[in-house]
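Read the structure below first, then the notes.
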Amino acid sequence: MSRKPGVASPEELKAFVAEAGERLLVVDLRNPDAVVEPEDQPTFDLAQLPSESSRPQAVSLLWDRTTNQMPIPSVPKDTPIITHCGAGGRGQMAKEFLEKHGFVKVMNGGGPKEAECWAEFGDK
């Protein structure tokens, strides 16, 4: 299976994560509502949504397909951010959205369906 357009390579993600260190923010765009995003449901078997006990550098900020928007993270504009959904489509839209709002270090990590990419940041 080839990666969706815009999804970074595992090598790019590994270097990005190493450089970012503790400043890294992972933005999970998946929606737990099966009616709204049925294709996200299988990915929850691969990776939980962020919580205090799981994925400490991640936040859940849902991508709204009706408005093509998401909440803006409350972090400095130079914070290293990896966006992801299930496989990268919404991750790319979110990357572009954040860049339009002034964020300068944003990478699309794909998501749990992209196992090689996910291995580089999925536990963050």
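How things are named: the first chain in the structure tokens is A, the next is B, and so on; residues count from 1 in each chain; ligands count from 1 in the order shown.
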
So which residues touch region 67-84 of chain A within 7 Å, counting only C-alpha atoms, skipping near sequence neighbours fewer than 2 positions away, as number ranges by chain? A: 20, 23-29, 61-65, 86, 88, 91, 94-95, 102-111

Given the selection you just returned, output its residues as a file containing N, CA and C atoms, formatted as a tab-separated table (two decimals), in the first residue's frame.
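What follows is the written file result.tsv:
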```tsv
chain	number	residue	atom	x	y	z
A	20	ALA	N	12.57	17.49	17.50
A	20	ALA	CA	11.53	18.14	18.30
A	20	ALA	C	11.66	17.83	19.79
A	23	ARG	N	9.27	19.06	22.85
A	23	ARG	CA	8.39	20.10	22.30
A	23	ARG	C	7.37	19.54	21.32
A	24	LEU	N	7.55	18.31	20.87
A	24	LEU	CA	6.67	17.72	19.87
A	24	LEU	C	5.22	17.70	20.34
A	25	LEU	N	4.31	18.06	19.43
A	25	LEU	CA	2.88	17.93	19.65
A	25	LEU	C	2.33	17.07	18.53
A	26	VAL	N	1.63	16.00	18.88
A	26	VAL	CA	0.98	15.14	17.90
A	26	VAL	C	-0.51	15.47	17.94
A	27	VAL	N	-1.07	15.81	16.79
A	27	VAL	CA	-2.48	16.18	16.69
A	27	VAL	C	-3.24	15.04	16.02
A	28	ASP	N	-4.10	14.39	16.81
A	28	ASP	CA	-4.92	13.27	16.35
A	28	ASP	C	-6.26	13.83	15.87
A	29	LEU	N	-6.54	13.67	14.59
A	29	LEU	CA	-7.74	14.24	13.98
A	29	LEU	C	-8.90	13.26	13.89
A	61	LEU	N	-7.85	16.77	18.30
A	61	LEU	CA	-8.49	17.96	17.72
A	61	LEU	C	-9.17	17.50	16.44
A	62	LEU	N	-10.47	17.34	16.47
A	62	LEU	CA	-11.20	16.74	15.35
A	62	LEU	C	-11.21	17.63	14.12
A	63	TRP	N	-10.97	17.02	12.96
A	63	TRP	CA	-11.09	17.71	11.69
A	63	TRP	C	-12.56	17.68	11.29
A	64	ASP	N	-13.13	18.84	11.00
A	64	ASP	CA	-14.53	18.95	10.61
A	64	ASP	C	-14.61	18.99	9.09
A	65	ARG	N	-15.11	17.93	8.50
A	65	ARG	CA	-15.19	17.85	7.04
A	65	ARG	C	-16.20	18.84	6.45
A	86	GLY	N	-6.44	8.54	10.17
A	86	GLY	CA	-6.28	7.09	10.05
A	86	GLY	C	-5.14	6.72	9.12
A	88	GLY	N	-3.87	9.54	6.60
A	88	GLY	CA	-3.17	10.71	6.09
A	88	GLY	C	-3.96	11.73	5.30
A	91	GLY	N	-4.98	14.34	7.68
A	91	GLY	CA	-3.71	14.83	8.22
A	91	GLY	C	-3.09	15.87	7.30
A	94	ALA	N	-5.16	19.10	7.53
A	94	ALA	CA	-4.84	19.78	8.79
A	94	ALA	C	-3.47	20.44	8.73
A	95	LYS	N	-2.50	19.77	8.12
A	95	LYS	CA	-1.16	20.34	7.97
A	95	LYS	C	-1.26	21.66	7.22
A	102	GLY	N	-0.18	30.10	10.33
A	102	GLY	CA	1.10	30.57	10.83
A	102	GLY	C	2.01	29.55	11.49
A	103	PHE	N	1.59	28.30	11.57
A	103	PHE	CA	2.47	27.29	12.15
A	103	PHE	C	3.54	26.93	11.12
A	104	VAL	N	4.79	26.83	11.59
A	104	VAL	CA	5.90	26.72	10.66
A	104	VAL	C	6.61	25.36	10.66
A	105	LYS	N	6.29	24.50	11.60
A	105	LYS	CA	6.94	23.18	11.68
A	105	LYS	C	5.85	22.11	11.77
A	106	VAL	N	5.24	21.80	10.65
A	106	VAL	CA	4.14	20.84	10.65
A	106	VAL	C	4.43	19.73	9.64
A	107	MET	N	4.19	18.51	10.06
A	107	MET	CA	4.42	17.34	9.21
A	107	MET	C	3.19	16.43	9.30
A	108	ASN	N	2.81	15.84	8.18
A	108	ASN	CA	1.70	14.87	8.14
A	108	ASN	C	2.28	13.48	8.37
A	109	GLY	N	1.86	12.86	9.47
A	109	GLY	CA	2.38	11.54	9.82
A	109	GLY	C	1.55	10.37	9.34
A	110	GLY	N	0.46	10.63	8.62
A	110	GLY	CA	-0.39	9.54	8.14
A	110	GLY	C	-1.33	9.10	9.23
A	111	GLY	N	-1.02	8.01	9.90
A	111	GLY	CA	-1.86	7.50	10.98
A	111	GLY	C	-1.58	6.04	11.24
```

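Of note, CA of Phe44 (chain A) and CA of Glu116 (chain A) are spaced 17.0 Å apart.
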
Separation of CA of Asp45 (chain A) from CA of Phe16 (chain A) in Å: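 Those two atoms sit 25.9 Å apart.
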
Which of chain A fall in strand (DSSP E or B), as a VMD selection string: chain A and resid 7 25 to 28 58 to 60 64 69 81 to 84 106 to 108

Per DSSP on the backbone, filter region 2-95 of chain A down to the residues in helix (DSSP H, G or I) and report them as a ChimeraX atom specification. /A:10-23,38-40,43-46,89-95
